[in-house]
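Raw coords-v7.cif, mmCIF, C-alpha atoms:
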data_my_file
#
loop_
_atom_site.group_PDB
_atom_site.id
_atom_site.type_symbol
_atom_site.label_atom_id
_atom_site.label_comp_id
_atom_site.auth_asym_id
_atom_site.auth_seq_id
_atom_site.Cartn_x
_atom_site.Cartn_y
_atom_site.Cartn_z
ATOM 1 C CA MET A 1190 3.680 129.082 111.631
ATOM 2 C CA LYS A 1191 5.039 127.310 114.726
ATOM 3 C CA SER A 1192 8.724 126.578 115.252
ATOM 4 C CA ASP A 1193 10.151 123.242 116.395
ATOM 5 C CA VAL A 1194 10.484 124.683 119.888
ATOM 6 C CA ASP A 1195 6.786 125.529 119.932
ATOM 7 C CA THR A 1196 5.823 121.997 118.843
ATOM 8 C CA ALA A 1197 8.168 120.169 121.211
ATOM 9 C CA PRO A 1198 6.523 118.544 124.214
ATOM 10 C CA LYS A 1199 5.750 121.266 126.705
ATOM 11 C CA GLY A 1200 8.657 121.936 129.058
ATOM 12 C CA SER A 1201 10.839 119.061 127.915
ATOM 13 C CA VAL A 1202 13.937 121.151 127.079
ATOM 14 C CA THR A 1203 13.399 123.300 130.134
ATOM 15 C CA ASP A 1204 12.880 120.261 132.323
ATOM 16 C CA ARG A 1205 16.079 118.628 131.015
ATOM 17 C CA LEU A 1206 18.094 121.831 131.523
ATOM 18 C CA ALA A 1207 16.700 122.245 135.013
ATOM 19 C CA GLY A 1208 17.585 118.636 135.810
ATOM 20 C CA TRP A 1209 21.167 119.064 134.577
ATOM 21 C CA ARG A 1210 21.491 122.328 136.473
ATOM 22 C CA PHE A 1211 20.206 120.669 139.661
ATOM 23 C CA GLU A 1212 22.591 117.715 139.210
ATOM 24 C CA ALA A 1213 25.578 120.046 138.684
ATOM 25 C CA CYS A 1214 24.507 122.062 141.700
ATOM 26 C CA THR A 1215 24.103 118.931 143.806
ATOM 27 C CA VAL A 1216 27.600 117.726 142.837
ATOM 28 C CA ARG A 1217 29.098 121.141 143.674
ATOM 29 C CA VAL A 1218 27.333 121.234 147.027
ATOM 30 C CA ARG A 1219 28.331 117.666 147.863
ATOM 31 C CA LEU A 1220 31.982 118.464 147.090
ATOM 32 C CA VAL A 1221 31.930 121.580 149.276
ATOM 33 C CA GLN A 1222 30.106 119.664 151.992
ATOM 34 C CA GLY A 1223 32.647 116.823 151.832
ATOM 35 C CA LEU A 1224 35.561 119.266 151.967
ATOM 36 C CA SER A 1225 34.089 121.095 154.960
ATOM 37 C CA LEU A 1226 33.394 117.831 156.789
ATOM 38 C CA LEU A 1227 36.878 116.443 156.056
ATOM 39 C CA SER A 1228 38.835 119.584 156.971
ATOM 40 C CA THR A 1229 36.802 120.253 160.113
ATOM 41 C CA GLY A 1230 37.093 116.610 161.150
ATOM 42 C CA LEU A 1231 40.862 116.706 160.705
ATOM 43 C CA LEU A 1232 41.069 119.914 162.723
ATOM 44 C CA ALA A 1233 38.865 118.581 165.527
ATOM 45 C CA GLY A 1234 40.821 115.328 165.497
ATOM 46 C CA ALA A 1235 44.176 117.096 165.739
ATOM 47 C CA PHE A 1236 42.997 119.281 168.610
ATOM 48 C CA GLY A 1237 41.277 116.333 170.290
ATOM 49 C CA TYR A 1238 44.396 114.169 170.052
ATOM 50 C CA GLY A 1239 46.433 116.992 171.552
ATOM 51 C CA ALA A 1240 44.001 117.503 174.429
ATOM 52 C CA ALA A 1241 43.602 113.779 175.170
ATOM 53 C CA ASN A 1242 47.185 112.604 174.642
ATOM 54 C CA LEU A 1243 49.793 115.331 174.274
ATOM 55 C CA VAL A 1244 48.772 117.585 177.162
ATOM 56 C CA PRO A 1245 48.730 114.747 179.734
ATOM 57 C CA THR A 1246 52.119 113.641 178.399
ATOM 58 C CA PHE A 1247 53.432 117.219 178.668
ATOM 59 C CA ASN A 1248 52.299 117.239 182.291
ATOM 60 C CA SER A 1249 54.038 113.959 183.151
ATOM 61 C CA VAL A 1250 57.560 114.795 181.951
ATOM 62 C CA PRO A 1251 60.120 117.250 183.381
ATOM 63 C CA VAL A 1252 59.352 120.870 182.461
ATOM 64 C CA GLY A 1253 62.517 121.278 180.356
ATOM 65 C CA MET A 1254 61.573 118.290 178.207
ATOM 66 C CA ARG A 1255 58.025 119.597 177.867
ATOM 67 C CA LEU A 1256 59.202 123.016 176.740
ATOM 68 C CA ASP A 1257 61.610 121.584 174.155
ATOM 69 C CA PHE A 1258 59.011 119.204 172.739
ATOM 70 C CA HIS A 1259 56.214 121.805 172.884
ATOM 71 C CA ALA A 1260 58.292 124.393 170.990
ATOM 72 C CA GLU A 1261 59.242 121.894 168.276
ATOM 73 C CA LEU A 1262 55.699 120.517 167.980
ATOM 74 C CA MET A 1263 54.213 123.996 167.555
ATOM 75 C CA ARG A 1264 56.773 124.774 164.838
ATOM 76 C CA MET A 1265 55.773 121.624 162.944
ATOM 77 C CA ASN A 1266 52.021 122.059 163.526
ATOM 78 C CA GLY A 1267 51.900 125.689 162.418
ATOM 79 C CA ILE A 1268 51.358 125.100 158.700
ATOM 80 C CA THR A 1269 49.070 122.053 158.908
ATOM 81 C CA VAL A 1270 46.769 123.390 161.615
ATOM 82 C CA GLN A 1271 46.499 126.825 159.987
ATOM 83 C CA GLY A 1272 45.777 125.166 156.637
ATOM 84 C CA ALA A 1273 43.068 122.954 158.120
ATOM 85 C CA MET A 1274 41.517 125.969 159.861
ATOM 86 C CA ALA A 1275 41.499 128.044 156.675
ATOM 87 C CA VAL A 1276 39.967 125.276 154.547
ATOM 88 C CA SER A 1277 37.427 124.482 157.266
ATOM 89 C CA ILE A 1278 36.321 128.091 157.696
ATOM 90 C CA LEU A 1279 36.106 128.825 153.972
ATOM 91 C CA SER A 1280 34.384 125.583 152.970
ATOM 92 C CA SER A 1281 31.857 125.782 155.825
ATOM 93 C CA LEU A 1282 30.976 129.364 154.954
ATOM 94 C CA ALA A 1283 30.781 128.467 151.236
ATOM 95 C CA LEU A 1284 28.389 125.660 152.135
ATOM 96 C CA ALA A 1285 26.306 128.123 154.142
ATOM 97 C CA ALA A 1286 26.192 130.450 151.122
ATOM 98 C CA LEU A 1287 24.940 127.595 148.908
ATOM 99 C CA ALA A 1288 22.384 126.322 151.405
ATOM 100 C CA ARG A 1289 18.989 127.445 152.692
ATOM 101 C CA GLY A 1290 17.091 127.004 155.911
ATOM 102 C CA ARG A 1291 18.432 124.645 158.556
ATOM 103 C CA ALA A 1292 21.378 123.618 156.368
ATOM 104 C CA ARG A 1293 22.495 127.245 156.080
ATOM 105 C CA ALA A 1294 22.238 127.710 159.841
ATOM 106 C CA LEU A 1295 24.232 124.537 160.591
ATOM 107 C CA ALA A 1296 26.971 125.274 158.043
ATOM 108 C CA GLY A 1297 27.168 128.929 159.111
ATOM 109 C CA ALA A 1298 27.419 127.955 162.771
ATOM 110 C CA ALA A 1299 30.160 125.431 161.916
ATOM 111 C CA GLY A 1300 32.103 128.113 160.028
ATOM 112 C CA THR A 1301 31.694 130.546 162.903
ATOM 113 C CA LEU A 1302 32.853 127.948 165.441
ATOM 114 C CA THR A 1303 35.912 127.142 163.339
ATOM 115 C CA LEU A 1304 36.631 130.866 163.093
ATOM 116 C CA ALA A 1305 36.397 130.938 166.899
ATOM 117 C CA SER A 1306 38.993 128.114 167.020
ATOM 118 C CA PHE A 1307 41.268 130.242 164.842
ATOM 119 C CA LEU A 1308 40.819 133.339 167.016
ATOM 120 C CA ILE A 1309 41.403 131.381 170.231
ATOM 121 C CA THR A 1310 44.550 129.900 168.708
ATOM 122 C CA ARG A 1311 45.830 133.196 167.307
ATOM 123 C CA PHE A 1312 45.203 135.348 170.361
ATOM 124 C CA GLY A 1313 45.428 132.717 173.118
ATOM 125 C CA ASN A 1314 47.748 129.842 172.249
ATOM 126 C CA VAL A 1315 50.159 131.495 169.791
ATOM 127 C CA PRO A 1316 51.425 134.237 172.132
ATOM 128 C CA ILE A 1317 52.025 131.624 174.837
ATOM 129 C CA ASN A 1318 53.774 129.378 172.280
ATOM 130 C CA GLY A 1319 56.176 132.267 171.649
ATOM 131 C CA ARG A 1320 56.926 132.489 175.354
ATOM 132 C CA ILE A 1321 57.409 128.714 175.578
ATOM 133 C CA LYS A 1322 59.912 128.891 172.711
ATOM 134 C CA GLN A 1323 61.894 131.531 174.648
ATOM 135 C CA TRP A 1324 61.757 129.468 177.824
ATOM 136 C CA ALA A 1325 63.026 126.385 175.981
ATOM 137 C CA ALA A 1326 66.109 128.384 174.958
ATOM 138 C CA THR A 1327 66.667 129.843 178.440
ATOM 139 C CA ALA A 1328 64.714 128.906 181.552
ATOM 140 C CA PRO A 1329 61.030 129.119 182.537
ATOM 141 C CA PRO A 1330 59.987 131.959 184.856
ATOM 142 C CA ALA A 1331 58.551 131.403 188.313
ATOM 143 C CA ASP A 1332 54.963 131.680 187.053
ATOM 144 C CA HIS A 1333 55.420 129.190 184.195
ATOM 145 C CA ALA A 1334 52.903 126.706 185.652
ATOM 146 C CA GLU A 1335 50.125 129.326 185.547
ATOM 147 C CA VAL A 1336 50.990 130.313 181.968
ATOM 148 C CA LEU A 1337 51.007 126.657 180.885
ATOM 149 C CA ARG A 1338 47.636 126.171 182.605
ATOM 150 C CA ARG A 1339 46.244 129.114 180.579
ATOM 151 C CA TRP A 1340 47.600 127.517 177.385
ATOM 152 C CA GLU A 1341 45.724 124.323 178.288
ATOM 153 C CA LEU A 1342 42.486 126.285 178.869
ATOM 154 C CA PHE A 1343 42.810 127.901 175.443
ATOM 155 C CA ASN A 1344 43.580 124.485 173.962
ATOM 156 C CA ASN A 1345 40.446 123.007 175.547
ATOM 157 C CA ALA A 1346 38.329 125.906 174.247
ATOM 158 C CA ARG A 1347 39.567 125.564 170.651
ATOM 159 C CA THR A 1348 39.151 121.797 170.826
ATOM 160 C CA LEU A 1349 35.551 122.218 171.958
ATOM 161 C CA THR A 1350 34.715 124.743 169.233
ATOM 162 C CA ALA A 1351 36.316 122.614 166.490
ATOM 163 C CA ALA A 1352 34.618 119.423 167.711
ATOM 164 C CA THR A 1353 31.238 121.171 167.880
ATOM 165 C CA ALA A 1354 31.714 122.485 164.325
ATOM 166 C CA PHE A 1355 32.475 118.948 163.161
ATOM 167 C CA VAL A 1356 29.364 117.572 164.878
ATOM 168 C CA LEU A 1357 27.194 120.224 163.201
ATOM 169 C CA LEU A 1358 28.585 119.352 159.767
ATOM 170 C CA ALA A 1359 28.146 115.630 160.471
ATOM 171 C CA VAL A 1360 24.495 116.233 161.426
ATOM 172 C CA LEU A 1361 24.052 118.124 158.171
ATOM 173 C CA ALA A 1362 25.729 115.380 156.127
ATOM 174 C CA LEU A 1363 23.667 112.664 157.793
ATOM 175 C CA GLY A 1364 20.424 114.549 157.113
ATOM 176 C CA ARG A 1365 18.006 113.062 154.593
ATOM 177 C CA ALA A 1366 20.166 110.494 152.757
ATOM 178 C CA ASP A 1367 17.135 109.300 150.770
ATOM 179 C CA ARG A 1368 16.679 112.740 149.161
ATOM 180 C CA PRO A 1369 20.027 114.334 148.183
ATOM 181 C CA GLY A 1370 20.061 118.068 148.712
ATOM 182 C CA GLN A 1371 17.276 117.987 151.291
ATOM 183 C CA VAL A 1372 17.134 118.139 155.030
ATOM 184 C CA GLU A 1373 14.380 116.681 157.153
ATOM 185 C CA GLY A 1374 11.517 119.094 157.627
ATOM 186 C CA VAL A 1375 11.857 120.624 154.154
ATOM 187 C CA ARG A 1376 9.328 119.219 151.720
ATOM 188 C CA ALA A 1377 9.772 119.487 147.972
ATOM 189 C CA ARG A 1378 12.074 122.495 147.902
ATOM 190 C CA PRO A 1379 15.769 121.557 147.814
ATOM 191 C CA VAL A 1380 17.896 122.981 150.596
ATOM 192 C CA VAL A 1381 20.638 124.073 148.223
ATOM 193 C CA CYS A 1382 20.925 125.791 144.866
ATOM 194 C CA ASP A 1383 18.196 127.914 143.340
#

Would you mind giving the structure from this file in C-alpha cells?
Amino acid sequence: MKSDVDTAPKGSVTDRLAGWRFEACTVRVRLVQGLSLLSTGLLAGAFGYGAANLVPTFNSVPVGMRLDFHAELMRMNGITVQGAMAVSILSSLALAALARGRARALAGAAGTLTLASFLITRFGNVPINGRIKQWAATAPPADHAEVLRRWELFNNARTLTAATAFVLLAVLALGRADRPGQVEGVRARPVVCD
C-alpha cells in the first residue's frame, strides 16, 4: 500500500522546500551583501573625505590650530570609524563564507583589505594621533612636520585599501542582476548557499 507521499507528484514537496530554502538563503545573502557594501562604502567615504578635504585643510592652517582640531576630530571619529571597520570586516568575511567561486574571492579580498585598513589605522595612525594629542596640550617637537607627513602616508594607505574593498563589493553587487545569487561566468549553479 502506498502512502500519500508516495502518490504525490514526484519531487513536488522537495522542490517546494528547496525553493523556500533557496529564497531564504538568497534573502540572507542579500542582507549580508548590502550590509558589507554599506559599511565599506561609509568607511571608504569617511577616509576619502578626510584625504581629499581635511588633510589639505590641516596643511593650510597654523600648526597649533591643526593639532587642536586633529586631536578633537580623532576623539570624535574613534567610535564611528572603528564601528564601520568592524562591521565591514565581519560582513565581508561572512559574505565570503556564504559565497562560492568568484564571489567568495571578491568578498574575501574586500574583507582582507578592510582588515588592512584597520591594521594601518591601529599601528600607523593611532600612535601618531596620541602624539598629536600631547603636542596639542604642549608644543610640537622639531620633527613634527615629518611625523605629520607619516600620518598622511598612513591615511592615504588606509583610504586606498578601504576604497578598493568598496569597489570589489560594488563589482560583486553589480554582477548578474538578471539572475539573483549568480555571478557572470557561473552557469546554473548559484554562487551562494548550498

One decimal, in Å: what's the spacing between atom CA of Val1276 of chain A and atom CA of Leu1232 of chain A?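 Going from atom CA of Val1276 of chain A over to atom CA of Leu1232 of chain A, I get 9.8 Å.
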
Between A:Arg1338, A:Arg1219, A:His1333, A:Lys1322, which has the minimum distance to Leu1262 of chain A (counting all atoms listed in the file)? A:Lys1322

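Atom pair atom CA of Val1218 of chain A / atom CA of Ala1235 of chain A: separated by 25.5 Å.
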
Could you work out how far atom CA of Asn1248 of chain A lies from atom CA of Leu1349 of chain A, giving the answer in Å with one decimal? 20.3 Å

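Checking A:Ile1309, A:Leu1231, A:Val1216, A:Leu1363 one by one against Val1270 of chain A, counting all atoms listed in the file, you find the shortest gap at A:Leu1231.
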
What lies within 12 Å of Ala1273 of chain A using only C-alpha atoms, ignoring chain neighbours under 6 positions off, as a list in words? Leu1224, Ser1225, Leu1226, Leu1227, Ser1228, Thr1229, Gly1230, Leu1231, Leu1232, Ala1233, Gly1234, Ala1235, Phe1236, Asn1266, Gly1267, Leu1279, Ser1280, Ser1281, Thr1303, Leu1304, Ser1306, Phe1307 and Ala1351 of chain A

Compile the contact shell of segment 1292-1294 of chain A as a ChimeraX atom specification: residues with an atom at most 7 Å away, counting all atoms listed in the file, same-chain residues fewer than 4 positions apart removed. /A:1285-1286,1288,1298,1361,1380

Spatial neighbours of Leu1357 of chain A, max dist 8 Å, all atoms listed in the file, sep filter under 3 positions, as a tab-separated table (two decimals) with C-alpha atoms, in the frame of the given file:
chain	number	residue	atom	x	y	z
A	1295	LEU	CA	24.23	124.54	160.59
A	1296	ALA	CA	26.97	125.27	158.04
A	1298	ALA	CA	27.42	127.96	162.77
A	1299	ALA	CA	30.16	125.43	161.92
A	1353	THR	CA	31.24	121.17	167.88
A	1354	ALA	CA	31.71	122.48	164.32
A	1360	VAL	CA	24.50	116.23	161.43
A	1361	LEU	CA	24.05	118.12	158.17

Nearest residue to Phe1258 of chain A out of A:Ile1321, A:Leu1337, A:Leu1308, A:Ala1359, using all atoms listed in the file?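 Looking only at the distances to Phe1258 of chain A, the closest residue turns out to be A:Ile1321.
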
Going by the chain IDs and residue numbers used in this file, which residues fall under the PyMOL selection byres ((chain A and resi 1346) around 10)? Write them as a PDB file with C-alpha atoms, keeping the file's coordinate frame.
ATOM      1  CA  PHE A1236      42.997 119.281 168.610  1.00  0.00           C
ATOM      2  CA  ALA A1305      36.397 130.938 166.899  1.00  0.00           C
ATOM      3  CA  SER A1306      38.993 128.114 167.020  1.00  0.00           C
ATOM      4  CA  ILE A1309      41.403 131.381 170.231  1.00  0.00           C
ATOM      5  CA  THR A1310      44.550 129.900 168.708  1.00  0.00           C
ATOM      6  CA  GLY A1313      45.428 132.717 173.118  1.00  0.00           C
ATOM      7  CA  TRP A1340      47.600 127.517 177.385  1.00  0.00           C
ATOM      8  CA  GLU A1341      45.724 124.323 178.288  1.00  0.00           C
ATOM      9  CA  LEU A1342      42.486 126.285 178.869  1.00  0.00           C
ATOM     10  CA  PHE A1343      42.810 127.901 175.443  1.00  0.00           C
ATOM     11  CA  ASN A1344      43.580 124.485 173.962  1.00  0.00           C
ATOM     12  CA  ASN A1345      40.446 123.007 175.547  1.00  0.00           C
ATOM     13  CA  ARG A1347      39.567 125.564 170.651  1.00  0.00           C
ATOM     14  CA  THR A1348      39.151 121.797 170.826  1.00  0.00           C
ATOM     15  CA  LEU A1349      35.551 122.218 171.958  1.00  0.00           C
ATOM     16  CA  THR A1350      34.715 124.743 169.233  1.00  0.00           C
ATOM     17  CA  ALA A1351      36.316 122.614 166.490  1.00  0.00           C
ATOM     18  CA  ALA A1352      34.618 119.423 167.711  1.00  0.00           C
TER      19      ALA A1352
END
